[in-house]
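Trainee: Dropping the structure in here first, questions after.
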Amino acid sequence: MRKARNIYKRKDGRFEGRYIKAHEGGKPIYASIYGKTYAAVKDKLEKRQLSPKFHKNTRIITKIEEYLGQIQVKTSTQGIYRGYLDNHIAPFFKKMRCNQLNRDVIQNFVNCKNGLASTTAQSVFYLLKRALSGCPPDIFNVPLPKIVKPKIPVLSREEQKRLEQTATARADRIVLTLCLYTGLRIGELCGLKWDDCDFENKQLDIRRTVLRIKNPEKGGTKTIISIQEPKSRSSRRTIPLPDFIVQLLQMHKNASNSPFIVSTTEKPLEPRTLQYRFKRMLQKANLRKVKFHVTRHTFAVRALEIGFDIKTLSEILGHSSPMITLENYAHILDEHKRQSMEKLAIFYG
């Protein structure tokens with residue numbers, strides 16, 4: 001049984017905590033601490049990590065560099081973390097060392113990030129906290145900016161209809177239909193291959209996503225196109241297809257020379273190119289400027305309006321849990337509940 005990061009309960013009933021005691025050749029060397037209770041091991045582990053050898057005179061930037069080199073994450077996530085370090089953490093801490101840290105310094109750092117989106121500010125803070133886990137934990141007990149979720153943009157039914165009517169080109173029509181009626185993310189759409197489409201069982205398998213990420217071989221100064229596994233385990237999913245989408249896909253396949261559904265070459269279409277195409281579609285339909293991701297939100301709202309249950313919608317969207325779906329679209333559900341209650345009038349009197 002695992003109760004916390006690096007603390008486990010062994011088969012013999014004891015608890016074991018692991019920590020990095022040194023590095024050799026850039027690789028971490030681990031050691032273990034044992035105890036009869038979880039609390040005892042946690043206390044020993046914190047004291048061990050707070051020992052002077054662990055962080056004395058170590059530059060903060062060096063410590064974070066070591067952390068980024070140890071964690072196993074997707075290349076795209078590594079690029080995001082690298083951006084946090086280069087753009088937010090390094091400019092503030094520069095040559096500061098771990099033993100110079102205190103709560104006031106951390107609070108000043110957080111205050112300097114007030115201009116960022118609240119979710120980004122919190123992500124930067126938690127990266128710093130995880131990378132400096134050997135420093136006194138109480139210095140990170142500072143108030144963070146509250147996450148304020150903006151209102152999710154959605155196309156109205158009339159806007160959706162105008163957009164679809166404007167997309168007369170076959171390539172544009174297949175793009176809009178797949179996004180507006182399956183809720184695919186832009187990278188998932190770009191990564192779709194004909195092999196992922198099961199015409200017999202009328203379903204679509206989401207197996208990959210296309211991203212533009214920083215090139216690790218160029219020091220993160222240039223970007224490259226990367227084909228990766230979906231965003232998360234739940235994002236790898238199978239979406240049942242209604243007949244009208246199956247028929248549209250069959251017609252599109254007959255005219256396609258690419259292994260990718262929305263590409264005309266052997267390579268996948270780049271998400272940025274698809275964003276430009278979507279922008280032109282909006283202009284042609286004389287609609288307001290919105291991001292491509294609005295098609296995913298629009299699908300979710302239309303699905304709720306016609307009575308999709310939350311669990312089904314969550315699985316189709318590839319959310320890790322129905323709670324995420326609820327949090328994102330609770331305002332839609334509130335309106336749906338009101339409309340449903342109004343229907344009770346047919347029984348009154």
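Simple scheme: letters A, B, ... for chains in structure tokens order, numbers from 1 for residues in each chain, numbers from 1 for ligands in the order shown.
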Using only C-alpha atoms, find each residue in range 158-271 of chain A having at least one atom no more than 9 Å away from range 308-326 of chain A; report its shortest atom-to-atom pair and that distance in Å (one decimal), rows by chain then rising number, as a Markdown table.

Mentor:
```
| residue | atom | partner | partner_atom | distance |
| --- | --- | --- | --- | --- |
| A:Thr182 | CA | A:Ile316 | CA | 7.4 |
| A:Gly183 | CA | A:Leu317 | CA | 6.0 |
| A:Leu184 | CA | A:Leu317 | CA | 7.1 |
| A:Arg185 | CA | A:Leu317 | CA | 8.7 |
| A:Lys231 | CA | A:Gly318 | CA | 9.0 |
| A:Ser232 | CA | A:Ser320 | CA | 7.7 |
| A:Arg233 | CA | A:Ser320 | CA | 7.8 |
| A:Ser234 | CA | A:Gly318 | CA | 5.2 |
| A:Ser235 | CA | A:Gly318 | CA | 4.2 |
| A:Arg236 | CA | A:Gly318 | CA | 7.1 |
| A:Arg237 | CA | A:Gly318 | CA | 6.6 |
| A:Thr238 | CA | A:Ile316 | CA | 7.5 |
| A:Ile239 | CA | A:Ile316 | CA | 5.9 |
| A:Pro240 | CA | A:Ile316 | CA | 8.5 |
```

Trainee: If you run DSSP on the backbone here, which positions in range 178-248 of chain A get alpha helix (DSSP H)? Please write them as an NGL selection string.

Mentor: :A and (178-182 or 186-191 or 243-248)

Trainee: Which residues, written as a VMD selection string, have at least one atom at most 12 Å from range 254-265 of chain A, with only C-alpha atoms counted and residues fewer than 5 positions away on the same chain left out?

Mentor: chain A and resid 170 to 179 186 to 197 204 208 to 210 247 to 249 270 to 271 273 to 274 277

Trainee: Let me make sure I understand: among A:Ala121, A:Leu211, A:Asp205, A:Asn111, which one has the smallest atom-to-atom distance to Thr223 in chain A if we use only C-alpha atoms?

Mentor: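 The closest residue to Thr223 in chain A is A:Leu211.
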
Trainee: Go ahead and compute the interatomic distance for CA of Arg103 in chain A and CA of Pro143 in chain A, in Å to one decimal.

Mentor: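 So the two atoms, CA of Arg103 in chain A and CA of Pro143 in chain A, lie 10.7 Å apart.
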
Trainee: So which residues touch Thr120 in chain A within 12 Å, counting only C-alpha atoms, skipping near sequence neighbours fewer than 4 positions away, as an NGL selection string?

Mentor: :A and (80-81 or 83-84 or 87-88 or 110 or 113-116 or 124-127 or 144-148)

Trainee: Taking the DSSP secondary structure from the backbone, can you list the residues of range 10-171 of chain A that are strand (DSSP E), as a PyMOL selection string?

Mentor: chain A and resi 15-24+27-35

Trainee: Which residue out of A:Leu101, A:Leu282, A:Ile7, A:Ile89 has the minimum interatomic distance to Asn57 in chain A when only C-alpha atoms are used?

Mentor: A:Leu101

Trainee: CA of Tyr8 in chain A and CA of Thr75 in chain A, how far apart in Å?

Mentor: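 Interatomic distance, CA of Thr75 in chain A to CA of Tyr8 in chain A: 28.1 Å.
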
Trainee: What separation in Å, quoted to one decimal, exists between CA of Asn215 in chain A and CA of Thr62 in chain A?

Mentor: 21.1 Å

Trainee: Nearest to Tyr34 in chain A: which of A:Asn6, A:Thr298, A:Asn201, A:Gln78 is it, counting only C-alpha atoms?

Mentor: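 Closest to Tyr34 in chain A of all the choices is A:Asn6.
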
Trainee: Nearest to Lys44 in chain A among A:Ile332, A:Gly17, A:Lys63, A:Ala31, with distances taken over only C-alpha atoms: which residue is it?

Mentor: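 Closest residue, counting only C-alpha atoms: A:Gly17.
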